[in-house]
>>> print(open('structure_7.txt').read())   # compact mmCIF, C-alpha atoms
# COMPACT_ATOMS: atom_id res chain seq x y z
CA MET A 21 84.52 135.07 72.97
CA LYS A 22 84.89 133.64 76.46
CA ASN A 23 88.28 132.37 77.60
CA LYS A 24 88.00 128.55 77.91
CA GLN A 25 90.18 126.84 80.50
CA ALA A 26 91.04 123.14 80.56
CA PHE A 27 93.74 120.79 81.75
CA THR A 28 96.56 120.14 79.37
CA LEU A 29 97.62 116.63 78.49
CA ILE A 30 100.86 117.07 80.48
CA GLU A 31 98.93 118.07 83.62
CA LEU A 32 96.70 115.02 83.31
CA LEU A 33 99.71 112.74 82.82
CA VAL A 34 101.39 114.17 85.92
CA VAL A 35 98.25 113.49 88.00
CA VAL A 36 98.02 109.92 86.69
CA LEU A 37 101.73 109.39 87.43
CA ILE A 38 101.32 110.65 91.01
CA ILE A 39 98.32 108.36 91.57
CA GLY A 40 100.32 105.43 90.16
CA ILE A 41 103.24 106.09 92.50
CA LEU A 42 100.93 106.36 95.51
CA ALA A 43 99.22 103.09 94.55
CA ALA A 44 102.58 101.34 94.10
CA VAL A 45 103.52 102.33 97.66
CA ALA A 46 100.11 101.78 99.29
CA VAL A 47 99.13 98.37 97.84
CA PRO A 48 102.07 96.38 99.33
CA GLN A 49 101.50 98.04 102.71
CA TYR A 50 97.81 97.17 102.53
CA GLN A 51 98.64 93.55 101.66
CA LYS A 52 101.00 93.33 104.65
CA ALA A 53 98.29 94.74 106.93
CA VAL A 54 95.77 92.16 105.66
CA GLU A 55 98.27 89.31 106.11
CA LYS A 56 99.14 90.48 109.63
CA SER A 57 95.43 90.62 110.49
CA ARG A 58 94.92 87.03 109.32
CA ALA A 59 98.00 85.89 111.24
CA THR A 60 96.82 87.69 114.37
CA GLN A 61 93.50 85.82 114.21
CA ALA A 62 95.37 82.51 113.99
CA LEU A 63 97.70 83.54 116.82
CA THR A 64 94.68 84.40 118.99
CA MET A 65 93.24 80.93 118.37
CA LEU A 66 96.59 79.36 119.29
CA LYS A 67 96.76 81.37 122.53
CA SER A 68 93.25 80.16 123.45
CA VAL A 69 94.34 76.56 122.89
CA VAL A 70 97.44 77.10 125.04
CA GLN A 71 95.29 78.44 127.90
CA ALA A 72 92.90 75.48 127.58
CA ALA A 73 95.90 73.10 127.52
CA GLU A 74 97.26 74.64 130.72
CA ALA A 75 93.85 74.24 132.39
CA TYR A 76 93.69 70.61 131.21
CA TYR A 77 97.15 69.91 132.66
CA MET A 78 96.23 71.52 136.00
CA ALA A 79 93.05 69.42 136.21
CA ASN A 80 94.47 66.08 134.99
CA GLY A 81 98.22 66.17 135.62
CA THR A 82 98.95 65.08 132.03
CA GLU A 83 99.18 66.69 128.62
CA PHE A 84 96.18 66.47 126.31
CA SER A 85 96.44 64.31 123.20
CA SER A 86 93.35 65.47 121.31
CA PHE A 87 91.66 68.84 120.92
CA ASP A 88 88.39 67.12 121.95
CA GLU A 89 89.80 66.78 125.49
CA LEU A 90 90.03 70.55 125.96
CA ALA A 91 87.31 72.74 127.45
CA LEU A 92 87.40 74.86 124.30
CA ASP A 93 85.20 74.86 121.24
CA ILE A 94 87.49 74.80 118.20
CA PRO A 95 85.18 75.61 115.27
CA TRP A 96 87.47 73.97 112.73
CA PRO A 97 86.78 70.38 111.60
CA LYS A 98 89.28 67.52 111.83
CA ALA A 99 91.69 67.46 108.91
CA SER A 100 94.56 65.46 107.49
CA ARG A 101 97.87 66.14 109.16
CA VAL A 102 100.27 68.78 107.90
CA ILE A 103 103.28 68.18 110.11
CA GLY A 104 104.65 64.63 109.95
CA ARG A 105 103.58 63.04 113.25
CA SER A 106 100.63 65.04 114.52
CA GLN A 107 98.16 63.35 116.88
CA ASP A 108 95.25 65.69 116.03
CA THR A 109 94.77 68.26 113.29
CA ARG A 110 92.06 70.88 112.81
CA SER A 111 91.82 73.19 109.82
CA ASN A 112 89.70 75.97 108.36
CA GLY A 113 91.32 75.55 104.92
CA GLN A 114 93.60 78.57 105.41
CA TRP A 115 95.34 77.47 108.62
CA ALA A 116 96.00 74.11 110.30
CA LEU A 117 96.20 73.67 114.08
CA GLU A 118 98.11 70.56 115.17
CA ILE A 119 99.34 68.88 118.31
CA GLU A 120 102.39 66.69 118.13
CA TYR A 121 104.11 64.64 120.84
CA TYR A 122 107.80 63.86 120.40
CA SER A 123 108.49 60.67 122.34
CA GLY A 124 112.25 61.02 121.93
CA ASN A 125 112.52 64.19 123.99
CA GLY A 126 109.10 64.27 125.69
CA ASN A 127 108.00 67.53 124.10
CA THR A 128 104.36 68.32 123.37
CA VAL A 129 104.21 70.92 120.61
CA LEU A 130 101.41 72.95 119.01
CA PHE A 131 101.75 74.12 115.41
CA MET A 132 99.60 76.71 113.60
CA THR A 133 100.54 76.54 109.91
CA GLN A 134 99.36 78.49 106.86
CA LEU A 135 98.05 76.18 104.16
CA GLN A 136 97.52 78.64 101.31
CA GLY A 137 98.76 81.89 99.90
CA LYS A 138 102.07 83.63 99.59
CA TYR A 139 103.28 82.50 103.03
CA LYS A 140 102.24 78.85 102.79
CA GLY A 141 104.22 76.80 105.29
CA ALA A 142 104.83 79.65 107.74
CA GLY A 143 103.11 79.95 111.08
CA PHE A 144 103.50 79.68 114.83
CA ILE A 145 104.86 77.05 117.20
CA ILE A 146 104.87 76.59 120.97
CA ILE A 147 106.38 73.84 123.09
CA LEU A 148 103.80 73.10 125.79
CA SER A 149 105.94 70.74 127.83
CA ASN A 150 109.65 70.25 127.58
CA LYS A 151 111.02 67.46 129.73
CA ASN A 152 114.56 68.75 129.13
CA ASP A 153 113.83 72.34 130.17
CA HIS A 154 112.26 72.74 133.59
CA SER A 155 112.13 76.54 133.50
CA GLY A 156 108.36 76.53 132.94
CA LYS A 157 108.85 79.10 130.19
CA MET A 158 106.49 78.75 127.25
CA GLU A 159 107.00 81.06 124.32
CA ILE A 160 105.09 81.24 121.07
CA MET A 161 107.55 81.47 118.20
CA CYS A 162 107.02 82.30 114.55
CA TYR A 163 108.42 79.79 112.06
CA GLU A 164 109.01 79.47 108.34
CA ARG A 165 109.11 75.94 106.95
CA LYS A 166 112.18 75.18 104.82
CA THR A 167 111.27 71.67 103.67
CA SER A 168 107.98 69.95 103.15
CA SER A 169 106.54 67.22 105.31
CA THR A 170 103.07 65.81 104.66
CA LYS A 171 101.89 68.84 102.66
CA THR A 172 103.82 70.55 99.90
CA PHE A 173 105.04 73.89 101.19
CA ASP A 174 106.67 76.65 99.21
CA THR A 175 110.26 76.05 100.27
CA SER A 176 111.36 79.07 98.25
CA LEU A 177 109.84 81.45 100.83
CA ALA A 178 112.42 84.18 101.30
CA LYS A 179 114.15 84.19 104.66
CA GLY A 180 112.15 86.43 106.99
CA ALA A 181 109.36 87.09 104.47
CA PHE A 182 106.61 86.18 106.93
CA CYS A 183 108.12 86.11 110.41
CA GLY A 184 110.49 89.02 109.91
CA GLN A 185 108.56 91.37 107.66
CA ILE A 186 104.94 90.62 108.58
CA MET A 187 105.25 89.62 112.25
CA GLN A 188 108.42 91.70 113.05
CA GLY A 189 110.14 88.67 114.57
CA THR A 190 113.88 88.23 115.17
CA LEU A 191 115.62 85.11 113.86
CA SER A 192 116.56 82.93 116.84
CA SER A 193 117.40 79.54 115.30
CA GLU A 194 117.54 77.70 112.00
CA ASP A 195 117.82 74.02 111.17
CA THR A 196 117.16 71.71 108.25
CA TRP A 197 113.37 71.94 108.63
CA GLU A 198 112.57 75.50 109.67
CA ARG A 199 113.63 78.97 110.74
CA ASN A 200 112.36 80.08 114.18
CA TYR A 201 111.79 83.71 115.14
CA THR A 202 111.20 85.34 118.52
CA LEU A 203 108.10 87.54 118.40
CA PRO A 204 108.14 91.05 119.86
>>> encode(input="structure_7.txt", output="structure tokens")
Amino acid sequence: MKNKQAFTLIELLVVVLIIGILAAVAVPQYQKAVEKSRATQALTMLKSVVQAAEAYYMANGTEFSSFDELALDIPWPKASRVIGRSQDTRSNGQWALEIEYYSGNGNTVLFMTQLQGKYKGAGFIIILSNKNDHSGKMEIMCYERKTSSTKTFDTSLAKGAFCGQIMQGTLSSEDTWERNYTLP
């Protein structure tokens, strides 16, 4: 009679256990990589708008008030506002791009906000013109919304869940409405 060889039940269980442990480690890392990829696409769009806004200011001597004024094709349709006082909003359903002018302090601000998913209410912000700060420094910041405005955001988003863990930002300020992070 020939000697038959096979795997024992214990050996099979050990293999399944090892695969389970590897999956438990790999899946969250994969999800973070996917989320960072989506955020990077939105950040790229925001940077393109900032460059177009700078060109508009150089040509006209004033800030733009509508995305239609820019020499940039934004493929997203007009949408209802997300942030309270936006002058123009564009959205692809996943992200909203908004311009907002604050008459009280003369700031023109761009917001790129996530509308769906685990990190709903998080995104990016840049102050295009700041009448109180004449340094000429413009910096894109990551932000996590703490309270809702026009849209209902998940205000239970853990501190640093998007900006800290996904975008590797460092907390720079926090107020009633949002947490702001400096990006690397």
>>> residues_around(input="structure_7.txt", residues="segment 112-119 of chain A", least_positions_apart="3", cutoff="9 Å", atoms="all atoms listed in the file", output="MDAnalysis selection string")
chainID A and resid 62 65:66 84:87 95:97 99 101:103 105:109 128:137 143
>>> atom_distance(input="structure_7.txt", atom1="atom CA of Ala73 of chain A", atom2="atom CA of Arg165 of chain A")
24.6 Å
>>> atom_distance(input="structure_7.txt", atom1="atom CA of Lys166 of chain A", atom2="atom CA of Ser57 of chain A")
23.5 Å
>>> atom_distance(input="structure_7.txt", atom1="atom CA of Gln185 of chain A", atom2="atom CA of Glu120 of chain A")
27.5 Å
>>> residues_around(input="structure_7.txt", residues="segment 160-162 of chain A", least_positions_apart="5", cutoff="9 Å", atoms="only C-alpha atoms", output="list in words")
Leu63, Leu66, Lys67, Ala142, Gly143, Phe144, Ile145, Ile146, Ile147, Phe182, Cys183, Gly184, Met187, Gly189, Arg199, Asn200, Tyr201, Thr202 and Leu203 of chain A
>>> closest_residue(input="structure_7.txt", among="A:Lys56, A:Thr196, A:Tyr76, A:Gln71", to="Ala181 of chain A", atoms="all atoms listed in the file")
A:Lys56
>>> closest_residue(input="structure_7.txt", among="A:Ala75, A:Gly141, A:Tyr122, A:Val69", to="Arg110 of chain A", atoms="all atoms listed in the file")
A:Val69
>>> decode(input="structure_7.txt", residues="segment 95-129 of chain A", atoms="N, CA, C and O atoms", output="PDB file, in the first residue's frame")
ATOM      1  N   PRO A  95     -14.744  70.544 -14.619  1.00  0.00           N
ATOM      2  CA  PRO A  95     -15.729  69.621 -15.198  1.00  0.00           C
ATOM      3  C   PRO A  95     -16.925  69.325 -14.295  1.00  0.00           C
ATOM      4  O   PRO A  95     -17.804  68.583 -14.686  1.00  0.00           O
ATOM      5  N   TRP A  96     -16.950  69.893 -13.124  1.00  0.00           N
ATOM      6  CA  TRP A  96     -18.040  69.633 -12.189  1.00  0.00           C
ATOM      7  C   TRP A  96     -19.156  70.651 -12.389  1.00  0.00           C
ATOM      8  O   TRP A  96     -18.901  71.841 -12.552  1.00  0.00           O
ATOM      9  N   PRO A  97     -20.414  70.214 -12.330  1.00  0.00           N
ATOM     10  CA  PRO A  97     -21.539  71.153 -12.494  1.00  0.00           C
ATOM     11  C   PRO A  97     -21.763  72.003 -11.241  1.00  0.00           C
ATOM     12  O   PRO A  97     -21.278  71.683 -10.157  1.00  0.00           O
ATOM     13  N   LYS A  98     -22.512  73.093 -11.424  1.00  0.00           N
ATOM     14  CA  LYS A  98     -22.900  73.933 -10.282  1.00  0.00           C
ATOM     15  C   LYS A  98     -23.706  73.083  -9.309  1.00  0.00           C
ATOM     16  O   LYS A  98     -24.407  72.159  -9.706  1.00  0.00           O
ATOM     17  N   ALA A  99     -23.603  73.423  -8.034  1.00  0.00           N
ATOM     18  CA  ALA A  99     -24.280  72.641  -7.001  1.00  0.00           C
ATOM     19  C   ALA A  99     -24.745  73.565  -5.887  1.00  0.00           C
ATOM     20  O   ALA A  99     -24.371  74.734  -5.834  1.00  0.00           O
ATOM     21  N   SER A 100     -25.566  73.019  -5.007  1.00  0.00           N
ATOM     22  CA  SER A 100     -25.993  73.804  -3.846  1.00  0.00           C
ATOM     23  C   SER A 100     -24.820  73.948  -2.891  1.00  0.00           C
ATOM     24  O   SER A 100     -23.950  73.088  -2.806  1.00  0.00           O
ATOM     25  N   ARG A 101     -24.804  75.058  -2.172  1.00  0.00           N
ATOM     26  CA  ARG A 101     -23.662  75.354  -1.322  1.00  0.00           C
ATOM     27  C   ARG A 101     -23.545  74.378  -0.158  1.00  0.00           C
ATOM     28  O   ARG A 101     -24.530  73.829   0.326  1.00  0.00           O
ATOM     29  N   VAL A 102     -22.324  74.203   0.270  1.00  0.00           N
ATOM     30  CA  VAL A 102     -22.011  73.326   1.402  1.00  0.00           C
ATOM     31  C   VAL A 102     -21.641  74.181   2.604  1.00  0.00           C
ATOM     32  O   VAL A 102     -22.159  74.004   3.684  1.00  0.00           O
ATOM     33  N   ILE A 103     -20.732  75.115   2.394  1.00  0.00           N
ATOM     34  CA  ILE A 103     -20.323  76.036   3.441  1.00  0.00           C
ATOM     35  C   ILE A 103     -21.333  77.188   3.424  1.00  0.00           C
ATOM     36  O   ILE A 103     -21.819  77.579   2.377  1.00  0.00           O
ATOM     37  N   GLY A 104     -21.624  77.744   4.561  1.00  0.00           N
ATOM     38  CA  GLY A 104     -22.693  78.718   4.719  1.00  0.00           C
ATOM     39  C   GLY A 104     -22.856  79.822   3.706  1.00  0.00           C
ATOM     40  O   GLY A 104     -23.935  80.047   3.211  1.00  0.00           O
ATOM     41  N   ARG A 105     -21.804  80.563   3.347  1.00  0.00           N
ATOM     42  CA  ARG A 105     -21.964  81.769   2.541  1.00  0.00           C
ATOM     43  C   ARG A 105     -21.251  81.705   1.200  1.00  0.00           C
ATOM     44  O   ARG A 105     -20.782  82.714   0.709  1.00  0.00           O
ATOM     45  N   SER A 106     -21.147  80.565   0.585  1.00  0.00           N
ATOM     46  CA  SER A 106     -20.357  80.469  -0.645  1.00  0.00           C
ATOM     47  C   SER A 106     -21.007  81.222  -1.800  1.00  0.00           C
ATOM     48  O   SER A 106     -22.221  81.283  -1.923  1.00  0.00           O
ATOM     49  N   GLN A 107     -20.152  81.832  -2.637  1.00  0.00           N
ATOM     50  CA  GLN A 107     -20.630  82.566  -3.806  1.00  0.00           C
ATOM     51  C   GLN A 107     -20.847  81.620  -4.993  1.00  0.00           C
ATOM     52  O   GLN A 107     -21.672  81.878  -5.845  1.00  0.00           O
ATOM     53  N   ASP A 108     -20.045  80.562  -5.085  1.00  0.00           N
ATOM     54  CA  ASP A 108     -20.146  79.619  -6.195  1.00  0.00           C
ATOM     55  C   ASP A 108     -19.705  78.250  -5.690  1.00  0.00           C
ATOM     56  O   ASP A 108     -18.711  78.141  -4.968  1.00  0.00           O
ATOM     57  N   THR A 109     -20.462  77.230  -6.061  1.00  0.00           N
ATOM     58  CA  THR A 109     -20.158  75.865  -5.641  1.00  0.00           C
ATOM     59  C   THR A 109     -20.207  74.944  -6.849  1.00  0.00           C
ATOM     60  O   THR A 109     -21.132  75.015  -7.644  1.00  0.00           O
ATOM     61  N   ARG A 110     -19.214  74.070  -6.951  1.00  0.00           N
ATOM     62  CA  ARG A 110     -19.183  73.026  -7.971  1.00  0.00           C
ATOM     63  C   ARG A 110     -18.985  71.702  -7.243  1.00  0.00           C
ATOM     64  O   ARG A 110     -18.287  71.635  -6.242  1.00  0.00           O
ATOM     65  N   SER A 111     -19.584  70.642  -7.787  1.00  0.00           N
ATOM     66  CA  SER A 111     -19.490  69.354  -7.107  1.00  0.00           C
ATOM     67  C   SER A 111     -19.544  68.203  -8.100  1.00  0.00           C
ATOM     68  O   SER A 111     -20.217  68.282  -9.122  1.00  0.00           O
ATOM     69  N   ASN A 112     -18.822  67.134  -7.767  1.00  0.00           N
ATOM     70  CA  ASN A 112     -18.909  65.893  -8.533  1.00  0.00           C
ATOM     71  C   ASN A 112     -19.669  64.825  -7.747  1.00  0.00           C
ATOM     72  O   ASN A 112     -19.666  63.659  -8.113  1.00  0.00           O
ATOM     73  N   GLY A 113     -20.311  65.212  -6.660  1.00  0.00           N
ATOM     74  CA  GLY A 113     -21.058  64.284  -5.820  1.00  0.00           C
ATOM     75  C   GLY A 113     -20.234  63.727  -4.669  1.00  0.00           C
ATOM     76  O   GLY A 113     -20.764  63.407  -3.612  1.00  0.00           O
ATOM     77  N   GLN A 114     -18.927  63.613  -4.857  1.00  0.00           N
ATOM     78  CA  GLN A 114     -18.024  63.147  -3.805  1.00  0.00           C
ATOM     79  C   GLN A 114     -17.357  64.322  -3.077  1.00  0.00           C
ATOM     80  O   GLN A 114     -17.132  64.265  -1.888  1.00  0.00           O
ATOM     81  N   TRP A 115     -17.033  65.365  -3.841  1.00  0.00           N
ATOM     82  CA  TRP A 115     -16.352  66.543  -3.320  1.00  0.00           C
ATOM     83  C   TRP A 115     -17.103  67.793  -3.766  1.00  0.00           C
ATOM     84  O   TRP A 115     -17.728  67.793  -4.823  1.00  0.00           O
ATOM     85  N   ALA A 116     -17.005  68.855  -2.977  1.00  0.00           N
ATOM     86  CA  ALA A 116     -17.561  70.156  -3.346  1.00  0.00           C
ATOM     87  C   ALA A 116     -16.432  71.179  -3.324  1.00  0.00           C
ATOM     88  O   ALA A 116     -15.642  71.226  -2.384  1.00  0.00           O
ATOM     89  N   LEU A 117     -16.349  71.979  -4.378  1.00  0.00           N
ATOM     90  CA  LEU A 117     -15.384  73.068  -4.489  1.00  0.00           C
ATOM     91  C   LEU A 117     -16.158  74.370  -4.351  1.00  0.00           C
ATOM     92  O   LEU A 117     -17.115  74.593  -5.086  1.00  0.00           O
ATOM     93  N   GLU A 118     -15.756  75.224  -3.398  1.00  0.00           N
ATOM     94  CA  GLU A 118     -16.507  76.450  -3.137  1.00  0.00           C
ATOM     95  C   GLU A 118     -15.587  77.645  -2.965  1.00  0.00           C
ATOM     96  O   GLU A 118     -14.477  77.518  -2.460  1.00  0.00           O
ATOM     97  N   ILE A 119     -16.099  78.795  -3.385  1.00  0.00           N
ATOM     98  CA  ILE A 119     -15.420  80.058  -3.115  1.00  0.00           C
ATOM     99  C   ILE A 119     -16.316  80.856  -2.173  1.00  0.00           C
ATOM    100  O   ILE A 119     -17.533  80.881  -2.330  1.00  0.00           O
ATOM    101  N   GLU A 120     -15.676  81.460  -1.203  1.00  0.00           N
ATOM    102  CA  GLU A 120     -16.426  82.248  -0.228  1.00  0.00           C
ATOM    103  C   GLU A 120     -15.658  83.527   0.071  1.00  0.00           C
ATOM    104  O   GLU A 120     -14.445  83.501   0.274  1.00  0.00           O
ATOM    105  N   TYR A 121     -16.367  84.654   0.075  1.00  0.00           N
ATOM    106  CA  TYR A 121     -15.770  85.945   0.395  1.00  0.00           C
ATOM    107  C   TYR A 121     -16.300  86.396   1.746  1.00  0.00           C
ATOM    108  O   TYR A 121     -17.507  86.442   1.964  1.00  0.00           O
ATOM    109  N   TYR A 122     -15.404  86.692   2.665  1.00  0.00           N
ATOM    110  CA  TYR A 122     -15.772  87.171   3.997  1.00  0.00           C
ATOM    111  C   TYR A 122     -15.622  88.691   4.011  1.00  0.00           C
ATOM    112  O   TYR A 122     -14.514  89.207   4.061  1.00  0.00           O
ATOM    113  N   SER A 123     -16.732  89.392   3.963  1.00  0.00           N
ATOM    114  CA  SER A 123     -16.682  90.849   3.905  1.00  0.00           C
ATOM    115  C   SER A 123     -16.130  91.457   5.189  1.00  0.00           C
ATOM    116  O   SER A 123     -15.532  92.520   5.161  1.00  0.00           O
ATOM    117  N   GLY A 124     -16.300  90.797   6.309  1.00  0.00           N
ATOM    118  CA  GLY A 124     -15.830  91.337   7.577  1.00  0.00           C
ATOM    119  C   GLY A 124     -14.329  91.505   7.637  1.00  0.00           C
ATOM    120  O   GLY A 124     -13.816  92.496   8.150  1.00  0.00           O
ATOM    121  N   ASN A 125     -13.583  90.532   7.094  1.00  0.00           N
ATOM    122  CA  ASN A 125     -12.130  90.627   7.157  1.00  0.00           C
ATOM    123  C   ASN A 125     -11.480  90.683   5.775  1.00  0.00           C
ATOM    124  O   ASN A 125     -10.262  90.727   5.666  1.00  0.00           O
ATOM    125  N   GLY A 126     -12.288  90.676   4.714  1.00  0.00           N
ATOM    126  CA  GLY A 126     -11.755  90.811   3.366  1.00  0.00           C
ATOM    127  C   GLY A 126     -11.073  89.579   2.813  1.00  0.00           C
ATOM    128  O   GLY A 126     -10.336  89.663   1.837  1.00  0.00           O
ATOM    129  N   ASN A 127     -11.293  88.437   3.414  1.00  0.00           N
ATOM    130  CA  ASN A 127     -10.658  87.209   2.947  1.00  0.00           C
ATOM    131  C   ASN A 127     -11.475  86.548   1.839  1.00  0.00           C
ATOM    132  O   ASN A 127     -12.695  86.460   1.922  1.00  0.00           O
ATOM    133  N   THR A 128     -10.787  86.060   0.816  1.00  0.00           N
ATOM    134  CA  THR A 128     -11.394  85.205  -0.192  1.00  0.00           C
ATOM    135  C   THR A 128     -10.834  83.811   0.056  1.00  0.00           C
ATOM    136  O   THR A 128      -9.614  83.627   0.070  1.00  0.00           O
ATOM    137  N   VAL A 129     -11.728  82.842   0.245  1.00  0.00           N
ATOM    138  CA  VAL A 129     -11.323  81.506   0.672  1.00  0.00           C
ATOM    139  C   VAL A 129     -11.885  80.461  -0.277  1.00  0.00           C
ATOM    140  O   VAL A 129     -13.029  80.557  -0.716  1.00  0.00           O
TER     141      VAL A 129
END
